[in-house]
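See below for run.cif, which holds mmCIF, C-alpha atoms and all ligand atoms; chains and numbers go by the auth columns.
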```cif
data_run
#
loop_
_atom_site.group_PDB
_atom_site.id
_atom_site.type_symbol
_atom_site.label_atom_id
_atom_site.label_comp_id
_atom_site.label_asym_id
_atom_site.label_seq_id
_atom_site.Cartn_x
_atom_site.Cartn_y
_atom_site.Cartn_z
_atom_site.B_iso_or_equiv
_atom_site.auth_seq_id
_atom_site.auth_asym_id
ATOM 1 C CA MET A 1 0.000 0.000 0.000 0.00 190 A
ATOM 2 C CA SER A 2 1.398 3.441 -0.898 0.00 191 A
ATOM 3 C CA GLU A 3 1.797 6.262 1.596 0.00 192 A
ATOM 4 C CA SER A 4 -1.015 8.318 0.028 0.00 193 A
ATOM 5 C CA THR A 5 -3.373 5.313 0.277 0.00 194 A
ATOM 6 C CA ASP A 6 -2.531 5.035 3.981 0.00 195 A
ATOM 7 C CA ILE A 7 -3.187 8.751 4.417 0.00 196 A
ATOM 8 C CA TYR A 8 -6.487 8.409 2.561 0.00 197 A
ATOM 9 C CA SER A 9 -7.674 5.524 4.794 0.00 198 A
ATOM 10 C CA LEU A 10 -6.798 7.576 7.869 0.00 199 A
ATOM 11 C CA ALA A 11 -8.474 10.640 6.372 0.00 200 A
ATOM 12 C CA ILE A 12 -11.718 8.720 5.589 0.00 201 A
ATOM 13 C CA GLN A 13 -11.817 7.480 9.173 0.00 202 A
ATOM 14 C CA ARG A 14 -11.289 10.968 10.609 0.00 203 A
ATOM 15 C CA LEU A 15 -13.803 12.629 8.274 0.00 204 A
ATOM 16 C CA THR A 16 -16.437 9.966 8.968 0.00 205 A
ATOM 17 C CA GLU A 17 -15.979 10.382 12.728 0.00 206 A
ATOM 18 C CA TYR A 18 -16.157 14.175 12.368 0.00 207 A
ATOM 19 C CA MET A 19 -19.327 14.083 10.231 0.00 208 A
ATOM 20 C CA ASN A 20 -20.986 11.522 12.515 0.00 209 A
ATOM 21 C CA GLY A 21 -20.294 13.734 15.521 0.00 210 A
ATOM 22 C CA LYS A 22 -21.704 16.817 13.816 0.00 211 A
ATOM 23 C CA ASN A 23 -24.541 15.013 12.034 0.00 212 A
ATOM 24 C CA ILE A 24 -23.273 16.085 8.614 0.00 213 A
ATOM 25 C CA ARG A 25 -24.436 14.220 5.498 0.00 214 A
ATOM 26 C CA LYS A 26 -21.823 11.914 3.932 0.00 215 A
ATOM 27 C CA THR A 27 -21.933 12.632 0.200 0.00 216 A
ATOM 28 C CA PRO A 28 -19.794 10.879 -2.464 0.00 217 A
ATOM 29 C CA GLU A 29 -18.506 14.315 -3.596 0.00 218 A
ATOM 30 C CA ARG A 30 -16.959 15.000 -0.197 0.00 219 A
ATOM 31 C CA PHE A 31 -15.071 11.694 -0.173 0.00 220 A
ATOM 32 C CA GLU A 32 -13.942 12.081 -3.784 0.00 221 A
ATOM 33 C CA ILE A 33 -12.573 15.568 -3.030 0.00 222 A
ATOM 34 C CA LEU A 34 -10.820 14.155 0.044 0.00 223 A
ATOM 35 C CA ARG A 35 -9.317 11.343 -2.062 0.00 224 A
ATOM 36 C CA ILE A 36 -7.903 13.781 -4.613 0.00 225 A
ATOM 37 C CA ILE A 37 -6.493 16.015 -1.866 0.00 226 A
ATOM 38 C CA CYS A 38 -4.803 13.042 -0.160 0.00 227 A
ATOM 39 C CA HIS A 39 -3.076 12.187 -3.436 0.00 228 A
ATOM 40 C CA THR A 40 -2.034 15.799 -4.095 0.00 229 A
ATOM 41 C CA GLN A 41 1.513 16.770 -3.241 0.00 230 A
ATOM 42 C CA GLY A 42 1.912 20.163 -1.606 0.00 231 A
ATOM 43 C CA ILE A 43 -0.124 23.320 -1.785 0.00 232 A
ATOM 44 C CA PHE A 44 -3.021 23.910 -4.199 0.00 233 A
ATOM 45 C CA SER A 45 -5.636 26.571 -4.945 0.00 234 A
ATOM 46 C CA ILE A 46 -9.358 25.955 -5.552 0.00 235 A
ATOM 47 C CA ASP A 47 -8.791 26.479 -9.302 0.00 236 A
ATOM 48 C CA GLU A 48 -6.009 23.887 -9.383 0.00 237 A
ATOM 49 C CA LEU A 49 -8.110 21.415 -7.413 0.00 238 A
ATOM 50 C CA GLN A 50 -11.078 21.920 -9.752 0.00 239 A
ATOM 51 C CA GLU A 51 -8.829 21.295 -12.765 0.00 240 A
ATOM 52 C CA VAL A 52 -7.490 18.031 -11.281 0.00 241 A
ATOM 53 C CA MET A 53 -11.023 16.925 -10.350 0.00 242 A
ATOM 54 C CA GLU A 54 -12.299 17.495 -13.880 0.00 243 A
ATOM 55 C CA LYS A 55 -9.303 16.382 -15.956 0.00 244 A
ATOM 56 C CA LYS A 56 -7.771 13.515 -13.973 0.00 245 A
ATOM 57 C CA ALA A 57 -10.659 12.252 -11.846 0.00 246 A
ATOM 58 C CA LYS A 58 -13.345 13.107 -14.457 0.00 247 A
ATOM 59 C CA PHE A 59 -15.487 14.417 -11.642 0.00 248 A
ATOM 60 C CA GLN A 60 -17.581 17.553 -12.180 0.00 249 A
ATOM 61 C CA VAL A 61 -17.912 19.714 -9.087 0.00 250 A
ATOM 62 C CA SER A 62 -18.950 23.306 -8.662 0.00 251 A
ATOM 63 C CA ARG A 63 -16.671 25.858 -7.030 0.00 252 A
ATOM 64 C CA VAL A 64 -19.260 26.246 -4.262 0.00 253 A
ATOM 65 C CA THR A 65 -19.083 22.508 -3.471 0.00 254 A
ATOM 66 C CA LEU A 66 -15.284 22.649 -3.483 0.00 255 A
ATOM 67 C CA PHE A 67 -15.242 25.723 -1.272 0.00 256 A
ATOM 68 C CA ASN A 68 -17.736 24.244 1.214 0.00 257 A
ATOM 69 C CA THR A 69 -15.961 20.871 1.302 0.00 258 A
ATOM 70 C CA LEU A 70 -12.577 22.536 1.890 0.00 259 A
ATOM 71 C CA LYS A 71 -14.155 24.492 4.751 0.00 260 A
ATOM 72 C CA LEU A 72 -15.499 21.222 6.196 0.00 261 A
ATOM 73 C CA LEU A 73 -12.083 19.522 5.841 0.00 262 A
ATOM 74 C CA GLU A 74 -10.463 22.539 7.449 0.00 263 A
ATOM 75 C CA ASP A 75 -12.874 22.326 10.411 0.00 264 A
ATOM 76 C CA ALA A 76 -12.102 18.594 10.676 0.00 265 A
ATOM 77 C CA SER A 77 -8.341 19.417 10.770 0.00 266 A
ATOM 78 C CA LEU A 78 -7.695 17.453 7.591 0.00 267 A
ATOM 79 C CA VAL A 79 -6.685 20.454 5.527 0.00 268 A
ATOM 80 C CA ILE A 80 -4.788 23.613 6.360 0.00 269 A
ATOM 81 C CA LYS A 81 -5.663 26.917 4.678 0.00 270 A
ATOM 82 C CA HIS A 82 -2.841 29.268 3.735 0.00 271 A
ATOM 83 C CA THR A 83 -4.197 32.793 3.404 0.00 272 A
ATOM 84 C CA LEU A 84 -1.113 34.456 2.040 0.00 273 A
ATOM 85 C CA THR A 85 -2.158 35.977 -1.242 0.00 274 A
ATOM 86 C CA ARG A 86 -5.347 37.028 -3.007 0.00 275 A
ATOM 87 C CA ALA A 87 -6.300 33.382 -3.622 0.00 276 A
ATOM 88 C CA ALA A 88 -6.361 31.030 -0.648 0.00 277 A
ATOM 89 C CA HIS A 89 -4.240 27.896 -0.902 0.00 278 A
ATOM 90 C CA TYR A 90 -4.900 24.606 0.828 0.00 279 A
ATOM 91 C CA GLU A 91 -2.906 21.574 1.823 0.00 280 A
ATOM 92 C CA CYS A 92 -3.579 18.126 3.204 0.00 281 A
ATOM 93 C CA CYS A 93 -2.324 18.081 6.809 0.00 282 A
ATOM 94 C CA ILE A 94 -3.185 14.596 8.029 0.00 283 A
ATOM 95 C CA THR A 95 0.460 13.870 8.658 0.00 284 A
ATOM 96 C CA PRO A 96 1.875 17.397 9.087 0.00 285 A
ATOM 97 C CA HIS A 97 5.573 17.848 8.568 0.00 286 A
ATOM 98 C CA PRO A 98 7.722 20.992 8.796 0.00 287 A
ATOM 99 C CA MET A 99 8.048 22.973 5.600 0.00 288 A
ATOM 100 C CA VAL A 100 9.113 26.251 4.072 0.00 289 A
ATOM 101 C CA CYS A 101 6.950 28.049 1.502 0.00 290 A
ATOM 102 C CA LEU A 102 7.959 30.654 -1.037 0.00 291 A
ATOM 103 C CA VAL A 103 5.218 33.208 -1.683 0.00 292 A
ATOM 104 C CA CYS A 104 5.340 35.614 -4.644 0.00 293 A
ATOM 105 C CA GLN A 105 3.977 38.956 -3.507 0.00 294 A
ATOM 106 C CA LYS A 106 3.178 39.934 -7.102 0.00 295 A
ATOM 107 C CA CYS A 107 1.344 36.962 -8.724 0.00 296 A
ATOM 108 C CA GLY A 108 0.467 34.997 -5.598 0.00 297 A
ATOM 109 C CA MET A 109 2.354 31.828 -6.538 0.00 298 A
ATOM 110 C CA VAL A 110 3.024 29.554 -3.560 0.00 299 A
ATOM 111 C CA ARG A 111 5.728 26.918 -3.851 0.00 300 A
ATOM 112 C CA LYS A 112 7.371 24.586 -1.384 0.00 301 A
ATOM 113 C CA LEU A 113 11.083 25.092 -0.817 0.00 302 A
ATOM 114 C CA GLU A 114 13.027 21.843 -0.533 0.00 303 A
ATOM 115 C CA SER A 115 15.304 22.489 2.410 0.00 304 A
ATOM 116 C CA SER A 116 15.949 19.681 4.852 0.00 305 A
ATOM 117 C CA LYS A 117 18.147 21.973 6.974 0.00 306 A
ATOM 118 C CA ILE A 118 15.314 24.443 7.705 0.00 307 A
ATOM 119 C CA GLU A 119 12.782 21.605 8.002 0.00 308 A
ATOM 120 C CA ASN A 120 14.957 19.945 10.643 0.00 309 A
ATOM 121 C CA TRP A 121 15.336 23.242 12.450 0.00 310 A
ATOM 122 C CA LEU A 122 11.533 23.766 12.344 0.00 311 A
ATOM 123 C CA SER A 123 10.859 20.281 13.691 0.00 312 A
ATOM 124 C CA GLU A 124 13.050 20.994 16.720 0.00 313 A
ATOM 125 C CA GLN A 125 11.226 24.194 17.661 0.00 314 A
ATOM 126 C CA LYS A 126 9.258 24.123 20.872 0.00 315 A
ATOM 127 C CA CYS A 127 7.376 26.981 22.518 0.00 316 A
ATOM 128 C CA LYS A 128 6.381 27.362 26.137 0.00 317 A
ATOM 129 C CA GLN A 129 2.617 27.134 26.656 0.00 318 A
ATOM 130 C CA PHE A 130 2.000 26.696 22.939 0.00 319 A
ATOM 131 C CA ILE A 131 1.518 23.559 20.869 0.00 320 A
ATOM 132 C CA ILE A 132 2.773 23.801 17.285 0.00 321 A
ATOM 133 C CA THR A 133 0.409 21.815 15.074 0.00 322 A
ATOM 134 C CA GLN A 134 1.617 23.092 11.699 0.00 323 A
ATOM 135 C CA PRO A 135 5.304 24.034 11.553 0.00 324 A
ATOM 136 C CA VAL A 136 5.329 26.202 8.403 0.00 325 A
ATOM 137 C CA LEU A 137 7.658 29.058 7.555 0.00 326 A
ATOM 138 C CA TYR A 138 6.855 31.545 4.761 0.00 327 A
ATOM 139 C CA PHE A 139 9.331 33.505 2.653 0.00 328 A
ATOM 140 C CA HIS A 140 7.779 36.401 0.716 0.00 329 A
ATOM 141 C CA GLY A 141 9.394 37.738 -2.443 0.00 330 A
ATOM 142 C CA LEU A 142 9.272 37.683 -6.258 0.00 331 A
ATOM 143 C CA CYS A 143 9.044 34.577 -8.438 0.00 332 A
ATOM 144 C CA ARG A 144 11.193 34.169 -11.556 0.00 333 A
ATOM 145 C CA SER A 145 8.484 35.094 -14.076 0.00 334 A
ATOM 146 C CA CYS A 146 7.520 38.224 -12.100 0.00 335 A
ATOM 147 C CA MET A 147 11.216 39.169 -11.906 0.00 336 A
ATOM 148 C CA VAL A 148 11.497 38.844 -15.700 0.00 337 A
ATOM 149 C CA LYS A 149 8.286 40.866 -16.224 0.00 338 A
ATOM 150 C CA ASN A 150 9.623 43.535 -13.853 0.00 339 A
ATOM 151 C CA SER A 151 12.939 43.878 -15.679 0.00 340 A
ATOM 152 C CA ILE A 152 11.193 44.107 -19.092 0.00 341 A
ATOM 153 C CA ARG A 153 8.903 46.829 -17.707 0.00 342 A
ATOM 154 C CA ASN A 154 11.900 48.711 -16.262 0.00 343 A
ATOM 155 C CA ARG A 155 13.786 48.463 -19.568 0.00 344 A
ATOM 156 C CA LYS A 156 10.756 49.801 -21.492 0.00 345 A
ATOM 157 C CA ALA A 157 10.385 52.692 -19.034 0.00 346 A
ATOM 158 C CA LYS A 158 14.102 53.549 -19.467 0.00 347 A
ATOM 159 C CA THR A 159 13.886 53.524 -23.279 0.00 348 A
ATOM 160 C CA LYS A 160 10.807 55.745 -23.113 0.00 349 A
ATOM 161 C CA THR A 161 12.607 58.377 -21.019 0.00 350 A
ATOM 162 C CA LYS A 162 15.620 58.219 -23.394 0.00 351 A
ATOM 163 C CA ILE A 163 13.373 58.840 -26.403 0.00 352 A
ATOM 164 C CA GLN A 164 11.601 61.690 -24.616 0.00 353 A
ATOM 165 C CA LYS A 165 14.977 63.330 -23.787 0.00 354 A
ATOM 166 C CA LYS A 166 16.036 63.368 -27.496 0.00 355 A
HETATM 167 ZN ZN ZN B . 5.176 35.941 -9.258 0.00 401 B
#
```
With the file now loaded, output its structure as structure tokens.
Amino acid sequence: MSESTDIYSLAIQRLTEYMNGKNIRKTPERFEILRIICHTQGIFSIDELQEVMEKKAKFQVSRVTLFNTLKLLEDASLVIKHTLTRAAHYECCITPHPMVCLVCQKCGMVRKLESSKIENWLSEQKCKQFIITQPVLYFHGLCRSCMVKNSIRNRKAKTKTKIQKK
């Protein structure tokens, strides 16, 4: 059995217990969304999730259903919501592990940084009178494509002023 299958079995169990406790209806959509999320590596937006659902899983779901299900999974502590940019990003957190995220302040891209050194450092952090459930560190900055766009814009602005001076 693969690791994501193990995570999915654990996730089904936790979601079922949560919905039973709250008397929430168990729909096939909710479990299908959970399955896709458990097999998704890293951070994703609602748009990206919808694309995977439709293209790979051939499962049509509305944005409202996705949004409501993500909220439910968040309440059940199965998903963590990263509200860093204009669009919220989500991540499966059934087996949370320390990580570092790069956030582009211009386009809103969120990407995981592969750094075992920082991850190890994060995993060792302990706070008095505070339990860390999600050890995540965010680095804000500019992604490569935004950097390129910025330099093109700057070059154009420079040429414009040169032409105006002539
Ligand atoms: Zn960017």
### Query
Exactly which residues make up the result of the PyMOL selection byres (((not hetatm)) within 10 of (chain B and resi 401)) on this file, given as a PyMOL selection string?
chain A and resi 292-299+330-339
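The gap separating CA of Ile235 in chain A from CA of Glu218 in chain A is 14.9 Å, in Å to one decimal.
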### Task
Name the residues that the PyMOL selection byres (((chain A and resi 278) around 12) and not hetatm) pulls out of this structure, and write them as a VMD selection string.
chain A and resid 231 to 238 256 259 to 260 263 268 to 277 279 to 281 290 292 297 to 300
### Query
Which residues fall under the PyMOL selection byres (((chain A and resi 239) around 12) and not hetatm) in this file, as a PyMOL selection string?
chain A and resi 221-222+225-226+233-238+240-256+259
Applying 8 Å and only C-alpha atoms, which residues near Glu308 in chain A remain after dropping the ones on its own chain fewer than 2 positions away? List them as a PDB file with C-alpha atoms, in the coordinates of the input.
```pdb
ATOM      1  CA  PRO A 287       7.722  20.992   8.796  1.00  0.00           C
ATOM      2  CA  MET A 288       8.048  22.973   5.600  1.00  0.00           C
ATOM      3  CA  VAL A 289       9.113  26.251   4.072  1.00  0.00           C
ATOM      4  CA  SER A 304      15.304  22.489   2.410  1.00  0.00           C
ATOM      5  CA  SER A 305      15.949  19.681   4.852  1.00  0.00           C
ATOM      6  CA  LYS A 306      18.147  21.973   6.974  1.00  0.00           C
ATOM      7  CA  TRP A 310      15.336  23.242  12.450  1.00  0.00           C
ATOM      8  CA  LEU A 311      11.533  23.766  12.344  1.00  0.00           C
ATOM      9  CA  SER A 312      10.859  20.281  13.691  1.00  0.00           C
TER      10      SER A 312
END
```
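Atom to atom, CA of Gln230 in chain A and CA of Leu302 in chain A stand 12.9 Å apart.
Considering the residues A:Leu204, A:Ser340, A:His286, A:Phe328 and counting all atoms listed in the file, Asn309 in chain A has its shortest atom-to-atom contact with A:His286.
Interatomic distance, CA of Gln323 in chain A to CA of Thr216 in chain A: 28.2 Å.
For the point (-14.9, 7.7, -0.2), the residues with at least one atom inside 10 Å, counting only C-alpha atoms, are Tyr197, Ser198, Ala200, Ile201, Gln202, Leu204, Thr205, Lys215, Thr216, Pro217, Glu218, Arg219, Phe220, Glu221, Ile222, Leu223 and Arg224 of chain A.
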Could you add the missing atoms to range 324-351 of chain A, up to N, CA and C atoms, and return them as a PDB file, in the coordinates of the input?
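part_17.pdb was written with the following content:
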```pdb
ATOM      1  N   PRO A 324       4.053  23.273  11.624  1.00  0.00           N
ATOM      2  CA  PRO A 324       5.304  24.034  11.553  1.00  0.00           C
ATOM      3  C   PRO A 324       5.631  24.483  10.126  1.00  0.00           C
ATOM      4  N   VAL A 325       5.129  25.671   9.758  1.00  0.00           N
ATOM      5  CA  VAL A 325       5.329  26.202   8.403  1.00  0.00           C
ATOM      6  C   VAL A 325       5.991  27.570   8.488  1.00  0.00           C
ATOM      7  N   LEU A 326       6.964  27.777   7.622  1.00  0.00           N
ATOM      8  CA  LEU A 326       7.658  29.058   7.555  1.00  0.00           C
ATOM      9  C   LEU A 326       7.444  29.632   6.160  1.00  0.00           C
ATOM     10  N   TYR A 327       7.119  30.935   6.069  1.00  0.00           N
ATOM     11  CA  TYR A 327       6.855  31.545   4.761  1.00  0.00           C
ATOM     12  C   TYR A 327       7.925  32.567   4.407  1.00  0.00           C
ATOM     13  N   PHE A 328       8.407  32.493   3.172  1.00  0.00           N
ATOM     14  CA  PHE A 328       9.331  33.505   2.653  1.00  0.00           C
ATOM     15  C   PHE A 328       8.588  34.268   1.569  1.00  0.00           C
ATOM     16  N   HIS A 329       8.454  35.580   1.724  1.00  0.00           N
ATOM     17  CA  HIS A 329       7.779  36.401   0.716  1.00  0.00           C
ATOM     18  C   HIS A 329       8.812  37.041  -0.214  1.00  0.00           C
ATOM     19  N   GLY A 330       8.460  37.149  -1.482  1.00  0.00           N
ATOM     20  CA  GLY A 330       9.394  37.738  -2.443  1.00  0.00           C
ATOM     21  C   GLY A 330       8.830  37.744  -3.843  1.00  0.00           C
ATOM     22  N   LEU A 331       9.699  37.667  -4.859  1.00  0.00           N
ATOM     23  CA  LEU A 331       9.272  37.683  -6.258  1.00  0.00           C
ATOM     24  C   LEU A 331       9.670  36.382  -6.939  1.00  0.00           C
ATOM     25  N   CYS A 332       8.720  35.797  -7.706  1.00  0.00           N
ATOM     26  CA  CYS A 332       9.044  34.577  -8.438  1.00  0.00           C
ATOM     27  C   CYS A 332       9.812  34.948  -9.710  1.00  0.00           C
ATOM     28  N   ARG A 333      10.360  33.939 -10.379  1.00  0.00           N
ATOM     29  CA  ARG A 333      11.193  34.169 -11.556  1.00  0.00           C
ATOM     30  C   ARG A 333      10.444  34.915 -12.667  1.00  0.00           C
ATOM     31  N   SER A 334       9.205  34.459 -12.957  1.00  0.00           N
ATOM     32  CA  SER A 334       8.484  35.094 -14.076  1.00  0.00           C
ATOM     33  C   SER A 334       8.116  36.537 -13.744  1.00  0.00           C
ATOM     34  N   CYS A 335       7.816  36.837 -12.487  1.00  0.00           N
ATOM     35  CA  CYS A 335       7.520  38.224 -12.100  1.00  0.00           C
ATOM     36  C   CYS A 335       8.789  39.067 -12.146  1.00  0.00           C
ATOM     37  N   MET A 336       9.940  38.452 -11.832  1.00  0.00           N
ATOM     38  CA  MET A 336      11.216  39.169 -11.906  1.00  0.00           C
ATOM     39  C   MET A 336      11.503  39.560 -13.342  1.00  0.00           C
ATOM     40  N   VAL A 337      11.264  38.595 -14.274  1.00  0.00           N
ATOM     41  CA  VAL A 337      11.497  38.844 -15.700  1.00  0.00           C
ATOM     42  C   VAL A 337      10.568  39.961 -16.191  1.00  0.00           C
ATOM     43  N   LYS A 338       9.262  39.840 -15.818  1.00  0.00           N
ATOM     44  CA  LYS A 338       8.286  40.866 -16.224  1.00  0.00           C
ATOM     45  C   LYS A 338       8.705  42.232 -15.711  1.00  0.00           C
ATOM     46  N   ASN A 339       9.186  42.289 -14.475  1.00  0.00           N
ATOM     47  CA  ASN A 339       9.623  43.535 -13.853  1.00  0.00           C
ATOM     48  C   ASN A 339      10.780  44.169 -14.612  1.00  0.00           C
ATOM     49  N   SER A 340      11.769  43.324 -14.997  1.00  0.00           N
ATOM     50  CA  SER A 340      12.939  43.878 -15.679  1.00  0.00           C
ATOM     51  C   SER A 340      12.580  44.355 -17.074  1.00  0.00           C
ATOM     52  N   ILE A 341      11.646  43.666 -17.756  1.00  0.00           N
ATOM     53  CA  ILE A 341      11.193  44.107 -19.092  1.00  0.00           C
ATOM     54  C   ILE A 341      10.504  45.461 -18.964  1.00  0.00           C
ATOM     55  N   ARG A 342       9.628  45.578 -17.934  1.00  0.00           N
ATOM     56  CA  ARG A 342       8.903  46.829 -17.707  1.00  0.00           C
ATOM     57  C   ARG A 342       9.884  47.978 -17.427  1.00  0.00           C
ATOM     58  N   ASN A 343      10.901  47.689 -16.595  1.00  0.00           N
ATOM     59  CA  ASN A 343      11.900  48.711 -16.262  1.00  0.00           C
ATOM     60  C   ASN A 343      12.677  49.150 -17.494  1.00  0.00           C
ATOM     61  N   ARG A 344      13.032  48.160 -18.354  1.00  0.00           N
ATOM     62  CA  ARG A 344      13.786  48.463 -19.568  1.00  0.00           C
ATOM     63  C   ARG A 344      12.954  49.353 -20.488  1.00  0.00           C
ATOM     64  N   LYS A 345      11.656  49.016 -20.629  1.00  0.00           N
ATOM     65  CA  LYS A 345      10.756  49.801 -21.492  1.00  0.00           C
ATOM     66  C   LYS A 345      10.637  51.224 -20.980  1.00  0.00           C
ATOM     67  N   ALA A 346      10.517  51.369 -19.638  1.00  0.00           N
ATOM     68  CA  ALA A 346      10.385  52.692 -19.034  1.00  0.00           C
ATOM     69  C   ALA A 346      11.641  53.518 -19.295  1.00  0.00           C
ATOM     70  N   LYS A 347      12.833  52.855 -19.229  1.00  0.00           N
ATOM     71  CA  LYS A 347      14.102  53.549 -19.467  1.00  0.00           C
ATOM     72  C   LYS A 347      14.198  54.046 -20.904  1.00  0.00           C
ATOM     73  N   THR A 348      13.830  53.149 -21.865  1.00  0.00           N
ATOM     74  CA  THR A 348      13.886  53.524 -23.279  1.00  0.00           C
ATOM     75  C   THR A 348      12.943  54.693 -23.552  1.00  0.00           C
ATOM     76  N   LYS A 349      11.789  54.676 -22.936  1.00  0.00           N
ATOM     77  CA  LYS A 349      10.807  55.745 -23.113  1.00  0.00           C
ATOM     78  C   LYS A 349      11.407  57.083 -22.691  1.00  0.00           C
ATOM     79  N   THR A 350      12.036  57.118 -21.500  1.00  0.00           N
ATOM     80  CA  THR A 350      12.607  58.377 -21.019  1.00  0.00           C
ATOM     81  C   THR A 350      13.742  58.826 -21.915  1.00  0.00           C
ATOM     82  N   LYS A 351      14.518  57.868 -22.484  1.00  0.00           N
ATOM     83  CA  LYS A 351      15.620  58.219 -23.394  1.00  0.00           C
ATOM     84  C   LYS A 351      15.063  58.899 -24.642  1.00  0.00           C
TER      85      LYS A 351
END
```
